Amino acid sequence: FIDNEDYFHNRLMTADKDGKEYSDNDERMIFFNLGVMEAIKKQRWCPEIIHCNGWMSALAPLYAKSAYKDEPSFRDSKVIISLFDNEFSEPLDKSFTQKLLCRDMNAECLGDLPENVTYIDLAKLAIRNCDGVIINGDNVPQELISYAETLGKAIMPKMPVEEFTAKCYDFYNSLLG
């Protein structure tokens with residue numbers, strides 16, 4: 001239910017069929033994440049768990065814990081990010097950090113986010129703002145796993161497919177207390 005013909009119609013996730021990454025990936029990501037947050041708020045949903053999968057949803061932890069933190073829909077939500085293998089290679093647009101600020105957010109919410117935001121930077125931003133991390137890729141950069149450990153985040157390591165559902169359920173319950 002989140003769509004935009006300019007951003008998503010006849011497009012692949014990160015790059016076109018020739019492997020060229022879309023120049024508006026930053027705007028697509030911001031639109032998607034804000035759209036999801038607004039849809040949740042408008043529907044008056046109060047999710048216990050917000051599970052974000054990959055780079056396209058990596059701003060949801062930031063928005064849930066800053067711009068929307070006082071909204072009843074998000075106040076008690078636990079946010080989890082699933083990390084996959086390196087998902088894009090070109091840094092996002094240089095104006096990305098200014099574009100993603102909304103509501104009463106300020107630059108302090110972004111921490112040490114550099115001007116040329118890479119996949120690693122984006123994943124670290126998501127990790128800083130989430131309650132838990134699930135490792136879903138075989139080649140998730142160790143730097144991200146170590147970063148999550150340093151911050152004391154709950155981490156669920158990569159699981160065989162047949163164990164994932166049960167372990168994920170246990171992981172959710174551990175975060176909910």
# chains A, B, ... in the order shown; residues from 1 in each chain; ligands from 1
>>> select_by_dssp(residues="segment 115-154 of chain A", states="alpha helix (DSSP H)", output="ChimeraX atom specification")
/A:119-129,142-150
>>> write_last_selection(atoms="all heavy atoms", output="compact mmCIF listing (two decimals), in the first residue's frame")
# COMPACT_ATOMS: atom_id res chain seq x y z
N TYR A 119 26.37 2.09 2.44
CA TYR A 119 25.54 1.05 3.04
C TYR A 119 25.93 0.83 4.50
O TYR A 119 25.06 0.70 5.36
CB TYR A 119 25.67 -0.26 2.25
CG TYR A 119 25.07 -1.43 2.99
CD1 TYR A 119 23.68 -1.57 3.06
CD2 TYR A 119 25.87 -2.35 3.64
CE1 TYR A 119 23.12 -2.62 3.77
CE2 TYR A 119 25.30 -3.40 4.34
CZ TYR A 119 23.93 -3.53 4.40
OH TYR A 119 23.37 -4.56 5.11
N ILE A 120 27.22 0.81 4.79
CA ILE A 120 27.70 0.60 6.17
C ILE A 120 27.19 1.72 7.07
O ILE A 120 26.69 1.47 8.18
CB ILE A 120 29.25 0.52 6.22
CG1 ILE A 120 29.75 -0.71 5.45
CG2 ILE A 120 29.76 0.54 7.66
CD1 ILE A 120 29.46 -2.04 6.10
N ASP A 121 27.28 2.97 6.62
CA ASP A 121 26.81 4.11 7.41
C ASP A 121 25.31 4.00 7.68
O ASP A 121 24.84 4.25 8.79
CB ASP A 121 27.08 5.43 6.69
CG ASP A 121 28.54 5.68 6.43
OD1 ASP A 121 29.37 5.38 7.31
OD2 ASP A 121 28.86 6.17 5.32
N LEU A 122 24.55 3.65 6.65
CA LEU A 122 23.10 3.53 6.78
C LEU A 122 22.74 2.40 7.75
O LEU A 122 21.88 2.56 8.61
CB LEU A 122 22.48 3.27 5.41
CG LEU A 122 20.96 3.21 5.36
CD1 LEU A 122 20.35 4.55 5.76
CD2 LEU A 122 20.51 2.80 3.97
N ALA A 123 23.43 1.28 7.63
CA ALA A 123 23.17 0.15 8.53
C ALA A 123 23.52 0.52 9.96
O ALA A 123 22.79 0.16 10.90
CB ALA A 123 23.96 -1.08 8.08
N LYS A 124 24.60 1.26 10.18
CA LYS A 124 24.96 1.69 11.53
C LYS A 124 23.91 2.63 12.10
O LYS A 124 23.58 2.57 13.29
CB LYS A 124 26.34 2.35 11.55
CG LYS A 124 27.48 1.36 11.44
CD LYS A 124 28.82 2.07 11.52
CE LYS A 124 29.96 1.09 11.54
NZ LYS A 124 31.27 1.79 11.64
N LEU A 125 23.36 3.50 11.27
CA LEU A 125 22.29 4.39 11.72
C LEU A 125 21.08 3.57 12.17
O LEU A 125 20.49 3.84 13.22
CB LEU A 125 21.89 5.35 10.59
CG LEU A 125 20.76 6.32 10.89
CD1 LEU A 125 21.18 7.32 11.96
CD2 LEU A 125 20.34 7.04 9.61
N ALA A 126 20.73 2.56 11.40
CA ALA A 126 19.61 1.69 11.76
C ALA A 126 19.92 0.93 13.06
O ALA A 126 19.07 0.86 13.95
CB ALA A 126 19.32 0.70 10.64
N ILE A 127 21.12 0.41 13.19
CA ILE A 127 21.51 -0.34 14.39
C ILE A 127 21.43 0.55 15.63
O ILE A 127 20.93 0.14 16.67
CB ILE A 127 22.92 -0.95 14.22
CG1 ILE A 127 22.89 -2.07 13.17
CG2 ILE A 127 23.47 -1.47 15.55
CD1 ILE A 127 24.26 -2.52 12.71
N ARG A 128 21.94 1.79 15.52
CA ARG A 128 21.91 2.72 16.66
C ARG A 128 20.49 2.95 17.17
O ARG A 128 20.28 3.18 18.35
CB ARG A 128 22.50 4.08 16.26
CG ARG A 128 23.97 4.21 16.45
CD ARG A 128 24.44 5.65 16.43
NE ARG A 128 24.07 6.45 15.29
CZ ARG A 128 24.69 6.48 14.12
NH1 ARG A 128 25.72 5.68 13.91
NH2 ARG A 128 24.29 7.28 13.16
N ASN A 129 19.53 2.92 16.26
CA ASN A 129 18.16 3.27 16.62
C ASN A 129 17.23 2.07 16.80
O ASN A 129 16.04 2.25 17.02
CB ASN A 129 17.59 4.22 15.56
CG ASN A 129 18.22 5.58 15.65
OD1 ASN A 129 17.88 6.36 16.51
ND2 ASN A 129 19.18 5.85 14.77
N GLN A 142 31.39 -7.92 9.08
CA GLN A 142 31.71 -8.11 10.51
C GLN A 142 31.69 -6.78 11.24
O GLN A 142 31.34 -6.72 12.41
CB GLN A 142 33.06 -8.82 10.68
CG GLN A 142 33.42 -9.10 12.13
CD GLN A 142 32.40 -9.97 12.85
OE1 GLN A 142 31.94 -10.97 12.31
NE2 GLN A 142 32.02 -9.58 14.06
N GLU A 143 32.04 -5.72 10.54
CA GLU A 143 32.03 -4.38 11.14
C GLU A 143 30.65 -4.04 11.71
O GLU A 143 30.54 -3.43 12.78
CB GLU A 143 32.42 -3.35 10.07
CG GLU A 143 32.36 -1.93 10.52
CD GLU A 143 32.72 -0.94 9.40
OE1 GLU A 143 33.06 -1.36 8.28
OE2 GLU A 143 32.65 0.26 9.68
N LEU A 144 29.60 -4.46 11.02
CA LEU A 144 28.24 -4.17 11.49
C LEU A 144 27.87 -5.02 12.70
O LEU A 144 27.25 -4.53 13.65
CB LEU A 144 27.23 -4.38 10.37
CG LEU A 144 27.37 -3.43 9.18
CD1 LEU A 144 26.36 -3.78 8.10
CD2 LEU A 144 27.24 -1.98 9.62
N ILE A 145 28.27 -6.28 12.67
CA ILE A 145 27.99 -7.17 13.80
C ILE A 145 28.73 -6.68 15.04
O ILE A 145 28.16 -6.58 16.13
CB ILE A 145 28.36 -8.62 13.46
CG1 ILE A 145 27.51 -9.11 12.27
CG2 ILE A 145 28.19 -9.53 14.67
CD1 ILE A 145 27.98 -10.41 11.64
N SER A 146 29.99 -6.31 14.88
CA SER A 146 30.79 -5.78 15.99
C SER A 146 30.20 -4.48 16.52
O SER A 146 30.17 -4.25 17.74
CB SER A 146 32.24 -5.55 15.55
OG SER A 146 32.84 -6.76 15.18
N TYR A 147 29.72 -3.65 15.62
CA TYR A 147 29.11 -2.38 16.03
C TYR A 147 27.88 -2.64 16.89
O TYR A 147 27.71 -2.01 17.95
CB TYR A 147 28.76 -1.56 14.79
CG TYR A 147 28.23 -0.18 15.09
CD1 TYR A 147 29.07 0.81 15.58
CD2 TYR A 147 26.90 0.13 14.86
CE1 TYR A 147 28.58 2.08 15.87
CE2 TYR A 147 26.40 1.39 15.13
CZ TYR A 147 27.25 2.37 15.63
OH TYR A 147 26.76 3.61 15.90
N ALA A 148 27.02 -3.55 16.47
CA ALA A 148 25.83 -3.90 17.24
C ALA A 148 26.21 -4.46 18.61
O ALA A 148 25.59 -4.13 19.62
CB ALA A 148 24.96 -4.89 16.47
N GLU A 149 27.24 -5.29 18.64
CA GLU A 149 27.72 -5.86 19.91
C GLU A 149 28.23 -4.76 20.83
O GLU A 149 27.92 -4.75 22.04
CB GLU A 149 28.82 -6.89 19.66
CG GLU A 149 28.32 -8.15 19.00
CD GLU A 149 29.44 -9.09 18.53
OE1 GLU A 149 30.62 -8.65 18.43
OE2 GLU A 149 29.12 -10.25 18.26
N THR A 150 28.99 -3.82 20.28
CA THR A 150 29.54 -2.71 21.05
C THR A 150 28.43 -1.88 21.69
O THR A 150 28.57 -1.41 22.83
CB THR A 150 30.41 -1.80 20.15
OG1 THR A 150 31.48 -2.58 19.64
CG2 THR A 150 30.97 -0.61 20.91
>>> residues_around(residues="segment 107-115 of chain A", least_positions_apart="5", cutoff="10 Å", atoms="only C-alpha atoms", output="PDB file with N, CA and C atoms, in the first residue's frame")
ATOM      1  N   LEU A  62      15.195   4.868  12.862  1.00  0.00           N
ATOM      2  CA  LEU A  62      15.452   6.280  13.151  1.00  0.00           C
ATOM      3  C   LEU A  62      14.149   7.038  13.326  1.00  0.00           C
ATOM      4  N   TYR A  63      13.234   6.884  12.386  1.00  0.00           N
ATOM      5  CA  TYR A  63      11.967   7.606  12.466  1.00  0.00           C
ATOM      6  C   TYR A  63      11.135   7.162  13.667  1.00  0.00           C
ATOM      7  N   LYS A  65      12.146   6.030  16.504  1.00  0.00           N
ATOM      8  CA  LYS A  65      12.767   6.414  17.782  1.00  0.00           C
ATOM      9  C   LYS A  65      13.040   7.916  17.898  1.00  0.00           C
ATOM     10  N   SER A  66      12.764   8.682  16.841  1.00  0.00           N
ATOM     11  CA  SER A  66      12.989  10.130  16.930  1.00  0.00           C
ATOM     12  C   SER A  66      11.751  10.903  16.477  1.00  0.00           C
ATOM     13  N   ALA A  67      11.516  10.972  15.190  1.00  0.00           N
ATOM     14  CA  ALA A  67      10.423  11.793  14.661  1.00  0.00           C
ATOM     15  C   ALA A  67       9.048  11.340  15.152  1.00  0.00           C
ATOM     16  N   PRO A  91      27.603   5.554  -2.816  1.00  0.00           N
ATOM     17  CA  PRO A  91      27.087   6.375  -1.715  1.00  0.00           C
ATOM     18  C   PRO A  91      25.790   7.064  -2.134  1.00  0.00           C
ATOM     19  N   LEU A  92      24.946   7.345  -1.157  1.00  0.00           N
ATOM     20  CA  LEU A  92      23.695   8.044  -1.433  1.00  0.00           C
ATOM     21  C   LEU A  92      23.988   9.502  -1.777  1.00  0.00           C
ATOM     22  N   ASP A  93      22.999  10.184  -2.323  1.00  0.00           N
ATOM     23  CA  ASP A  93      23.121  11.586  -2.707  1.00  0.00           C
ATOM     24  C   ASP A  93      23.684  12.414  -1.551  1.00  0.00           C
ATOM     25  N   LYS A  94      24.552  13.372  -1.865  1.00  0.00           N
ATOM     26  CA  LYS A  94      25.212  14.183  -0.832  1.00  0.00           C
ATOM     27  C   LYS A  94      24.226  14.948   0.045  1.00  0.00           C
ATOM     28  N   SER A  95      23.031  15.216  -0.454  1.00  0.00           N
ATOM     29  CA  SER A  95      22.039  15.958   0.337  1.00  0.00           C
ATOM     30  C   SER A  95      21.114  15.028   1.128  1.00  0.00           C
ATOM     31  N   PHE A  96      21.440  13.740   1.165  1.00  0.00           N
ATOM     32  CA  PHE A  96      20.608  12.753   1.836  1.00  0.00           C
ATOM     33  C   PHE A  96      20.287  13.127   3.278  1.00  0.00           C
ATOM     34  N   THR A  97      21.301  13.533   4.038  1.00  0.00           N
ATOM     35  CA  THR A  97      21.071  13.809   5.457  1.00  0.00           C
ATOM     36  C   THR A  97      20.090  14.958   5.656  1.00  0.00           C
ATOM     37  N   GLN A  98      20.118  15.952   4.788  1.00  0.00           N
ATOM     38  CA  GLN A  98      19.166  17.057   4.907  1.00  0.00           C
ATOM     39  C   GLN A  98      17.776  16.622   4.476  1.00  0.00           C
ATOM     40  N   LEU A 100      16.406  13.647   4.821  1.00  0.00           N
ATOM     41  CA  LEU A 100      15.726  12.692   5.700  1.00  0.00           C
ATOM     42  C   LEU A 100      15.213  13.305   6.994  1.00  0.00           C
ATOM     43  N   LEU A 101      15.659  14.517   7.325  1.00  0.00           N
ATOM     44  CA  LEU A 101      15.171  15.173   8.536  1.00  0.00           C
ATOM     45  C   LEU A 101      13.714  15.591   8.342  1.00  0.00           C
ATOM     46  N   ASP A 121      27.282   2.969   6.620  1.00  0.00           N
ATOM     47  CA  ASP A 121      26.805   4.108   7.414  1.00  0.00           C
ATOM     48  C   ASP A 121      25.305   4.002   7.679  1.00  0.00           C
ATOM     49  N   LEU A 122      24.553   3.653   6.650  1.00  0.00           N
ATOM     50  CA  LEU A 122      23.103   3.527   6.776  1.00  0.00           C
ATOM     51  C   LEU A 122      22.740   2.401   7.746  1.00  0.00           C
ATOM     52  N   LYS A 124      24.600   1.255  10.177  1.00  0.00           N
ATOM     53  CA  LYS A 124      24.957   1.687  11.534  1.00  0.00           C
ATOM     54  C   LYS A 124      23.908   2.632  12.102  1.00  0.00           C
ATOM     55  N   LEU A 125      23.357   3.504  11.273  1.00  0.00           N
ATOM     56  CA  LEU A 125      22.286   4.388  11.720  1.00  0.00           C
ATOM     57  C   LEU A 125      21.079   3.571  12.171  1.00  0.00           C
ATOM     58  N   ARG A 128      21.942   1.789  15.519  1.00  0.00           N
ATOM     59  CA  ARG A 128      21.906   2.716  16.661  1.00  0.00           C
ATOM     60  C   ARG A 128      20.491   2.946  17.173  1.00  0.00           C
ATOM     61  N   ASN A 129      19.535   2.915  16.265  1.00  0.00           N
ATOM     62  CA  ASN A 129      18.159   3.269  16.616  1.00  0.00           C
ATOM     63  C   ASN A 129      17.234   2.074  16.795  1.00  0.00           C
TER      64      ASN A 129
END
>>> residues_around(residues="segment 68-74 of chain A", least_positions_apart="6", cutoff="6 Å", atoms="only C-alpha atoms", output="ChimeraX atom specification")
/A:41,45-46
>>> select_by_dssp(residues="chain A", states="strand (DSSP E or B)", output="list of chain:residue names")
A:Ala15, A:Glu21, A:Ile49, A:Ile50, A:His51, A:Cys52, A:Asn53, A:Lys78, A:Val79, A:Ile80, A:Ile81, A:Ser82, A:Leu83, A:Gly132, A:Val133, A:Ile134, A:Ile135, A:Ala154, A:Ile155, A:Met156
>>> closest_residue(among="A:Ile49, A:Ile135, A:Leu34, A:Leu59", to="Leu83 of chain A", atoms="only C-alpha atoms")
A:Ile135
>>> closest_atom_pairs(of="segment 28-130 of chain A", to="segment 162-172 of chain A", cutoff="10 Å", atoms="only C-alpha atoms", output="CSV")
residue,atom,partner,partner_atom,distance
A:Glu48,CA,A:Tyr172,CA,9.2
A:Ile49,CA,A:Tyr172,CA,7.4
A:His51,CA,A:Tyr172,CA,9.6
A:Lys78,CA,A:Tyr172,CA,8.6
A:Val79,CA,A:Tyr172,CA,9.7
A:Ile80,CA,A:Tyr172,CA,8.7
>>> atom_distance(atom1="atom CA of Glu27 of chain A", atom2="atom CA of Lys99 of chain A")
7.7 Å
>>> closest_residue(among="A:Ala64, A:Ser89, A:Val117, A:Val133", to="Met105 of chain A", atoms="only C-alpha atoms")
A:Ala64
>>> closest_residue(among="A:Cys102, A:Ile30, A:Met37, A:Ile134", to="Gly54 of chain A", atoms="only C-alpha atoms")
A:Ile134
>>> atom_distance(atom1="atom CA of Glu87 of chain A", atom2="atom CA of Phe32 of chain A")
16.8 Å
>>> decode(residues="segment 19-34 of chain A", atoms="all heavy atoms", output="PDB file, in the first residue's frame")
ATOM      1  N   GLY A  19      22.577  -2.950 -13.951  1.00  0.00           N
ATOM      2  CA  GLY A  19      23.375  -2.853 -12.733  1.00  0.00           C
ATOM      3  C   GLY A  19      23.674  -1.427 -12.285  1.00  0.00           C
ATOM      4  O   GLY A  19      24.377  -1.231 -11.300  1.00  0.00           O
ATOM      5  N   LYS A  20      23.154  -0.415 -12.975  1.00  0.00           N
ATOM      6  CA  LYS A  20      23.381   0.975 -12.584  1.00  0.00           C
ATOM      7  C   LYS A  20      22.400   1.331 -11.466  1.00  0.00           C
ATOM      8  O   LYS A  20      21.199   1.241 -11.634  1.00  0.00           O
ATOM      9  CB  LYS A  20      23.185   1.916 -13.767  1.00  0.00           C
ATOM     10  CG  LYS A  20      23.449   3.372 -13.435  1.00  0.00           C
ATOM     11  CD  LYS A  20      23.534   4.224 -14.674  1.00  0.00           C
ATOM     12  CE  LYS A  20      23.666   5.687 -14.429  1.00  0.00           C
ATOM     13  NZ  LYS A  20      24.085   6.194 -13.182  1.00  0.00           N
ATOM     14  N   GLU A  21      22.969   1.728 -10.325  1.00  0.00           N
ATOM     15  CA  GLU A  21      22.127   2.069  -9.182  1.00  0.00           C
ATOM     16  C   GLU A  21      21.336   3.344  -9.476  1.00  0.00           C
ATOM     17  O   GLU A  21      21.835   4.270 -10.102  1.00  0.00           O
ATOM     18  CB  GLU A  21      22.980   2.228  -7.924  1.00  0.00           C
ATOM     19  CG  GLU A  21      23.565   0.907  -7.485  1.00  0.00           C
ATOM     20  CD  GLU A  21      24.371   0.974  -6.206  1.00  0.00           C
ATOM     21  OE1 GLU A  21      24.473   2.050  -5.586  1.00  0.00           O
ATOM     22  OE2 GLU A  21      24.910  -0.072  -5.818  1.00  0.00           O
ATOM     23  N   TYR A  22      20.096   3.372  -9.001  1.00  0.00           N
ATOM     24  CA  TYR A  22      19.230   4.520  -9.223  1.00  0.00           C
ATOM     25  C   TYR A  22      19.750   5.723  -8.447  1.00  0.00           C
ATOM     26  O   TYR A  22      20.091   5.621  -7.270  1.00  0.00           O
ATOM     27  CB  TYR A  22      17.794   4.200  -8.791  1.00  0.00           C
ATOM     28  CG  TYR A  22      17.190   3.040  -9.526  1.00  0.00           C
ATOM     29  CD1 TYR A  22      16.843   1.874  -8.840  1.00  0.00           C
ATOM     30  CD2 TYR A  22      16.969   3.087 -10.899  1.00  0.00           C
ATOM     31  CE1 TYR A  22      16.279   0.798  -9.506  1.00  0.00           C
ATOM     32  CE2 TYR A  22      16.403   2.009 -11.577  1.00  0.00           C
ATOM     33  CZ  TYR A  22      16.063   0.868 -10.870  1.00  0.00           C
ATOM     34  OH  TYR A  22      15.518  -0.200 -11.538  1.00  0.00           O
ATOM     35  N   SER A  23      19.787   6.872  -9.104  1.00  0.00           N
ATOM     36  CA  SER A  23      20.298   8.087  -8.461  1.00  0.00           C
ATOM     37  C   SER A  23      19.361   8.602  -7.372  1.00  0.00           C
ATOM     38  O   SER A  23      19.780   9.369  -6.514  1.00  0.00           O
ATOM     39  CB  SER A  23      20.531   9.184  -9.505  1.00  0.00           C
ATOM     40  OG  SER A  23      19.298   9.529 -10.129  1.00  0.00           O
ATOM     41  N   ASP A  24      18.113   8.166  -7.403  1.00  0.00           N
ATOM     42  CA  ASP A  24      17.151   8.634  -6.396  1.00  0.00           C
ATOM     43  C   ASP A  24      16.866   7.582  -5.316  1.00  0.00           C
ATOM     44  O   ASP A  24      15.835   7.631  -4.649  1.00  0.00           O
ATOM     45  CB  ASP A  24      15.853   9.091  -7.052  1.00  0.00           C
ATOM     46  CG  ASP A  24      15.126   7.985  -7.803  1.00  0.00           C
ATOM     47  OD1 ASP A  24      15.682   6.858  -7.921  1.00  0.00           O
ATOM     48  OD2 ASP A  24      14.001   8.235  -8.282  1.00  0.00           O
ATOM     49  N   ASN A  25      17.775   6.640  -5.114  1.00  0.00           N
ATOM     50  CA  ASN A  25      17.575   5.624  -4.073  1.00  0.00           C
ATOM     51  C   ASN A  25      17.331   6.254  -2.704  1.00  0.00           C
ATOM     52  O   ASN A  25      16.542   5.746  -1.916  1.00  0.00           O
ATOM     53  CB  ASN A  25      18.769   4.667  -3.998  1.00  0.00           C
ATOM     54  CG  ASN A  25      18.653   3.533  -4.996  1.00  0.00           C
ATOM     55  OD1 ASN A  25      17.576   3.234  -5.504  1.00  0.00           O
ATOM     56  ND2 ASN A  25      19.769   2.893  -5.277  1.00  0.00           N
ATOM     57  N   ASP A  26      17.992   7.367  -2.428  1.00  0.00           N
ATOM     58  CA  ASP A  26      17.787   8.040  -1.140  1.00  0.00           C
ATOM     59  C   ASP A  26      16.356   8.542  -1.003  1.00  0.00           C
ATOM     60  O   ASP A  26      15.702   8.327   0.024  1.00  0.00           O
ATOM     61  CB  ASP A  26      18.793   9.178  -0.959  1.00  0.00           C
ATOM     62  CG  ASP A  26      18.649  10.293  -1.991  1.00  0.00           C
ATOM     63  OD1 ASP A  26      18.211  10.020  -3.135  1.00  0.00           O
ATOM     64  OD2 ASP A  26      18.988  11.449  -1.663  1.00  0.00           O
ATOM     65  N   GLU A  27      15.833   9.183  -2.033  1.00  0.00           N
ATOM     66  CA  GLU A  27      14.470   9.701  -1.986  1.00  0.00           C
ATOM     67  C   GLU A  27      13.443   8.576  -1.959  1.00  0.00           C
ATOM     68  O   GLU A  27      12.427   8.674  -1.265  1.00  0.00           O
ATOM     69  CB  GLU A  27      14.211  10.613  -3.177  1.00  0.00           C
ATOM     70  CG  GLU A  27      15.020  11.886  -3.121  1.00  0.00           C
ATOM     71  CD  GLU A  27      14.836  12.760  -4.339  1.00  0.00           C
ATOM     72  OE1 GLU A  27      13.979  12.435  -5.203  1.00  0.00           O
ATOM     73  OE2 GLU A  27      15.541  13.783  -4.428  1.00  0.00           O
ATOM     74  N   ARG A  28      13.708   7.506  -2.669  1.00  0.00           N
ATOM     75  CA  ARG A  28      12.820   6.350  -2.666  1.00  0.00           C
ATOM     76  C   ARG A  28      12.724   5.767  -1.255  1.00  0.00           C
ATOM     77  O   ARG A  28      11.647   5.425  -0.773  1.00  0.00           O
ATOM     78  CB  ARG A  28      13.326   5.283  -3.647  1.00  0.00           C
ATOM     79  CG  ARG A  28      13.327   5.744  -5.086  1.00  0.00           C
ATOM     80  CD  ARG A  28      14.087   4.797  -6.016  1.00  0.00           C
ATOM     81  NE  ARG A  28      13.394   3.531  -6.093  1.00  0.00           N
ATOM     82  CZ  ARG A  28      13.974   2.351  -5.985  1.00  0.00           C
ATOM     83  NH1 ARG A  28      15.276   2.246  -5.799  1.00  0.00           N
ATOM     84  NH2 ARG A  28      13.276   1.248  -6.081  1.00  0.00           N
ATOM     85  N   MET A  29      13.872   5.663  -0.595  1.00  0.00           N
ATOM     86  CA  MET A  29      13.919   5.108   0.749  1.00  0.00           C
ATOM     87  C   MET A  29      13.180   6.018   1.738  1.00  0.00           C
ATOM     88  O   MET A  29      12.412   5.537   2.575  1.00  0.00           O
ATOM     89  CB  MET A  29      15.379   4.927   1.184  1.00  0.00           C
ATOM     90  CG  MET A  29      15.544   4.428   2.588  1.00  0.00           C
ATOM     91  SD  MET A  29      17.261   4.138   3.088  1.00  0.00           S
ATOM     92  CE  MET A  29      18.193   5.262   2.127  1.00  0.00           C
ATOM     93  N   ILE A  30      13.409   7.308   1.661  1.00  0.00           N
ATOM     94  CA  ILE A  30      12.738   8.253   2.555  1.00  0.00           C
ATOM     95  C   ILE A  30      11.231   8.193   2.333  1.00  0.00           C
ATOM     96  O   ILE A  30      10.457   8.108   3.293  1.00  0.00           O
ATOM     97  CB  ILE A  30      13.276   9.687   2.342  1.00  0.00           C
ATOM     98  CG1 ILE A  30      14.731   9.765   2.810  1.00  0.00           C
ATOM     99  CG2 ILE A  30      12.403  10.702   3.061  1.00  0.00           C
ATOM    100  CD1 ILE A  30      15.461  11.024   2.366  1.00  0.00           C
ATOM    101  N   PHE A  31      10.800   8.225   1.087  1.00  0.00           N
ATOM    102  CA  PHE A  31       9.370   8.154   0.771  1.00  0.00           C
ATOM    103  C   PHE A  31       8.748   6.888   1.344  1.00  0.00           C
ATOM    104  O   PHE A  31       7.695   6.934   1.992  1.00  0.00           O
ATOM    105  CB  PHE A  31       9.164   8.198  -0.752  1.00  0.00           C
ATOM    106  CG  PHE A  31       7.742   7.996  -1.164  1.00  0.00           C
ATOM    107  CD1 PHE A  31       6.857   9.058  -1.188  1.00  0.00           C
ATOM    108  CD2 PHE A  31       7.284   6.738  -1.513  1.00  0.00           C
ATOM    109  CE1 PHE A  31       5.523   8.866  -1.547  1.00  0.00           C
ATOM    110  CE2 PHE A  31       5.956   6.531  -1.874  1.00  0.00           C
ATOM    111  CZ  PHE A  31       5.081   7.599  -1.890  1.00  0.00           C
ATOM    112  N   PHE A  32       9.401   5.765   1.119  1.00  0.00           N
ATOM    113  CA  PHE A  32       8.877   4.486   1.596  1.00  0.00           C
ATOM    114  C   PHE A  32       8.750   4.475   3.123  1.00  0.00           C
ATOM    115  O   PHE A  32       7.702   4.131   3.672  1.00  0.00           O
ATOM    116  CB  PHE A  32       9.772   3.334   1.115  1.00  0.00           C
ATOM    117  CG  PHE A  32       9.368   2.001   1.664  1.00  0.00           C
ATOM    118  CD1 PHE A  32       8.263   1.335   1.166  1.00  0.00           C
ATOM    119  CD2 PHE A  32      10.086   1.418   2.692  1.00  0.00           C
ATOM    120  CE1 PHE A  32       7.871   0.106   1.680  1.00  0.00           C
ATOM    121  CE2 PHE A  32       9.709   0.189   3.218  1.00  0.00           C
ATOM    122  CZ  PHE A  32       8.603  -0.462   2.705  1.00  0.00           C
ATOM    123  N   ASN A  33       9.807   4.850   3.823  1.00  0.00           N
ATOM    124  CA  ASN A  33       9.793   4.799   5.288  1.00  0.00           C
ATOM    125  C   ASN A  33       8.789   5.771   5.900  1.00  0.00           C
ATOM    126  O   ASN A  33       8.059   5.413   6.823  1.00  0.00           O
ATOM    127  CB  ASN A  33      11.199   5.048   5.840  1.00  0.00           C
ATOM    128  CG  ASN A  33      12.081   3.839   5.702  1.00  0.00           C
ATOM    129  OD1 ASN A  33      12.139   2.996   6.568  1.00  0.00           O
ATOM    130  ND2 ASN A  33      12.780   3.729   4.574  1.00  0.00           N
ATOM    131  N   LEU A  34       8.747   6.995   5.400  1.00  0.00           N
ATOM    132  CA  LEU A  34       7.764   7.946   5.922  1.00  0.00           C
ATOM    133  C   LEU A  34       6.350   7.503   5.579  1.00  0.00           C
ATOM    134  O   LEU A  34       5.426   7.667   6.385  1.00  0.00           O
ATOM    135  CB  LEU A  34       8.035   9.350   5.397  1.00  0.00           C
ATOM    136  CG  LEU A  34       9.239  10.063   6.009  1.00  0.00           C
ATOM    137  CD1 LEU A  34       9.466  11.409   5.331  1.00  0.00           C
ATOM    138  CD2 LEU A  34       9.074  10.238   7.507  1.00  0.00           C
TER     139      LEU A  34
END
